[in-house]
Amino acid sequence: MPIIDTRNGPLEYVLTDGDQDLAPLVFLHGGLSCIAAWGRFPARLAAATGRRALVYSRHGNGGSGPDPLPRTPRYMHEHAHHVLPGLLDDLGLHRPVLVGHSDGASMALLYASVRPATAVVAMGPHMYFEEQNRLGIEAARASYEAGPLAKKMALVHDEPRTVFERWSEVWLSPGFRDWSIEDDLDVTAPVLMIQGDADEYGSLDQLDSVGRSVRGPVQRLVPEGCDHYPYLVCPELVIDTTRAFLAAHPATASAEAAR
């Protein structure tokens with residue numbers, strides 16, 4: 001798998017070809033995920049939309065190098081405002097369609113608040129800390145210690161325990177109880193927000209918060225019986241909805257001239 005050297009260390013990535021006149025898809029994974037954890041979803045969405053697609057593992061996840069930054073409650077801000085812009089500049093990708101899941105959805109919204117973006121697809125976004133976050137992470141910790149989650153993570157991460165502990169410890173820390181990105185967003189790009197009605201990591205109030213906090217067009221999709229992973233549970237629905245959403249809000253790479 002290709003590796004790109006960044007100021008914070010090496011990142012594994014896959015960049016697939018597509019229509020150069022269309023804004024590229026950039027996939028931002030969740031806290032416990034990486035390139036491999038997306039499965040075939042990025043390739044399928046890229047094929048359905050005809051776009052280039054960048055998929056990468058953040059530092060510390062998958063086969064990327066270790067994360068040199070301390071894990072603080074602002075780690076999503078730090079990646080969205082500093083690490084991701086540098087990566088996209090290095091790869092020559094501008095005004096992306098950001099496809100984020102969980103932590104990655106929050107990062108997508110934060111990035112689109114400080115840099116030009118064509119659109120945001122936010123699956124299971126976290127806007128603020130709520131009790132359901134804590135309950136979901138406590139359940140994940142129990143699953144990890146019992147073995148099932150640890151086995152799954154060992155299939156896709158070089159250092160699975162480090163990934164799990166860095167993620168869970170900051171979310172369960174006292175300093176995270178007041179965490180929120182509601183006042184930090186200034187998104188004018190169109191936003192497609194997707195969350196299963198059985199999401200174990202957050203309530204649908206999170207989507208209400210997205211709707212209140214962004215200024216651009218917003219569309220909402222709530223798949224019935226779906227947990228925190230709509231791109232795995234109902235990929236066809238997500239792909240079809242995203243394709244139609246992007247067609248309804250067209251933008252081309254020529255818009256880069258306005259950067």
# chains A, B, ... in the order shown; residues from 1 in each chain; ligands from 1

$ select_by_dssp --residues "stretch 83-147 of chain A" --states "helix (DSSP H, G or I)" --output "ChimeraX atom specification"
/A:83-91,103-114,131-146

$ residues_around --residues "stretch 220-228 of chain A" --least-positions-apart "3" --cutoff "6 Å" --atoms "only C-alpha atoms" --output "JSON, numbers by chain"
{"A": [193, 194, 195, 196, 197, 198, 199]}

$ residues_around --residues "A:Thr242" --least-positions-apart "5" --cutoff "9 Å" --atoms "only C-alpha atoms" --output "PyMOL selection string"
chain A and resi 45+49+121+192+237+247

$ closest_residue --among "A:Pro190, A:Pro10, A:Pro70, A:Pro160" --to "A:Thr118" --atoms "only C-alpha atoms"
A:Pro190

$ atom_distance --atom1 "atom CA of A:Tyr111" --atom2 "atom CA of A:His126"
14.1 Å

$ closest_residue --among "A:Gly18, A:Gly63, A:Pro125, A:Pro116" --to "A:Ala36" --atoms "only C-alpha atoms"
A:Gly63

$ select_by_dssp --residues "stretch 32-213 of chain A" --states "strand (DSSP E)" --output "PyMOL selection string"
chain A and resi 53-56+97-101+119-123+191-194

$ atom_distance --atom1 "atom CA of A:Val120" --atom2 "atom CA of A:Thr6"
24.2 Å

$ residues_around --residues "stretch 95-98 of chain A" --least-positions-apart "2" --cutoff "7 Å" --atoms "only C-alpha atoms" --output "number ranges by chain"
A: 23-27, 93, 100, 108, 116-121, 256

$ closest_residue --among "A:Ala154, A:Leu32, A:Tyr128, A:Glu78" --to "A:Val114" --atoms "only C-alpha atoms"
A:Glu78

$ atom_distance --atom1 "atom CA of A:Gly65" --atom2 "atom CA of A:Arg7"
11.5 Å

$ closest_residue --among "A:Val163, A:Ile3, A:Val156, A:Val191" --to "A:Cys34" --atoms "only C-alpha atoms"
A:Val156

$ closest_residue --among "A:Glu159, A:Phe164, A:Leu110, A:Asp208" --to "A:Tyr144" --atoms "only C-alpha atoms"
A:Phe164

$ closest_atom_pairs --of "stretch 49-140 of chain A" --to "stretch 167-175 of chain A" --cutoff "8 Å" --atoms "only C-alpha atoms" --output "tab-separated table"
residue	atom	partner	partner_atom	distance
A:Arg71	CA	A:Val170	CA	6.8
A:Thr72	CA	A:Val170	CA	6.5
A:Pro73	CA	A:Val170	CA	6.4
A:Arg134	CA	A:Leu172	CA	6.6
A:Ile137	CA	A:Ser168	CA	6.6

$ write_last_selection --atoms "N, CA, C and O atoms" --output "mmCIF file, in the first residue's frame"
data_model
loop_
_atom_site.group_PDB
_atom_site.id
_atom_site.type_symbol
_atom_site.label_atom_id
_atom_site.label_comp_id
_atom_site.auth_asym_id
_atom_site.auth_seq_id
_atom_site.Cartn_x
_atom_site.Cartn_y
_atom_site.Cartn_z
ATOM 1 N N ARG A 71 -3.004 12.819 22.657
ATOM 2 C CA ARG A 71 -4.436 12.683 22.423
ATOM 3 C C ARG A 71 -5.181 13.520 23.462
ATOM 4 O O ARG A 71 -5.312 13.140 24.613
ATOM 5 N N THR A 72 -5.656 14.665 23.027
ATOM 6 C CA THR A 72 -6.396 15.581 23.877
ATOM 7 C C THR A 72 -7.831 15.675 23.367
ATOM 8 O O THR A 72 -8.137 15.192 22.268
ATOM 9 N N PRO A 73 -8.747 16.305 24.107
ATOM 10 C CA PRO A 73 -10.108 16.474 23.605
ATOM 11 C C PRO A 73 -10.204 17.269 22.305
ATOM 12 O O PRO A 73 -11.252 17.275 21.679
ATOM 13 N N ARG A 134 -21.015 7.802 26.161
ATOM 14 C CA ARG A 134 -20.355 7.070 27.252
ATOM 15 C C ARG A 134 -20.808 5.617 27.301
ATOM 16 O O ARG A 134 -19.983 4.705 27.436
ATOM 17 N N ILE A 137 -19.273 3.604 24.437
ATOM 18 C CA ILE A 137 -17.837 3.361 24.585
ATOM 19 C C ILE A 137 -17.570 2.375 25.712
ATOM 20 O O ILE A 137 -16.676 1.525 25.609
#

$ closest_residue --among "A:Ala105, A:Ala46, A:Leu28, A:Leu84" --to "A:Arg243" --atoms "only C-alpha atoms"
A:Ala46

$ residues_around --residues "A:Arg58" --least-positions-apart "5" --cutoff "10 Å" --atoms "only C-alpha atoms" --output "list in words"
Pro10, Leu11, Glu12, Tyr13, Leu28, His29, Gly30, Gly31, Ser33, Cys34, Ile35, Gly63, Ser64, Gly65, Pro66, Asp67, His79, Val83, Leu84 and Gly104 of chain A
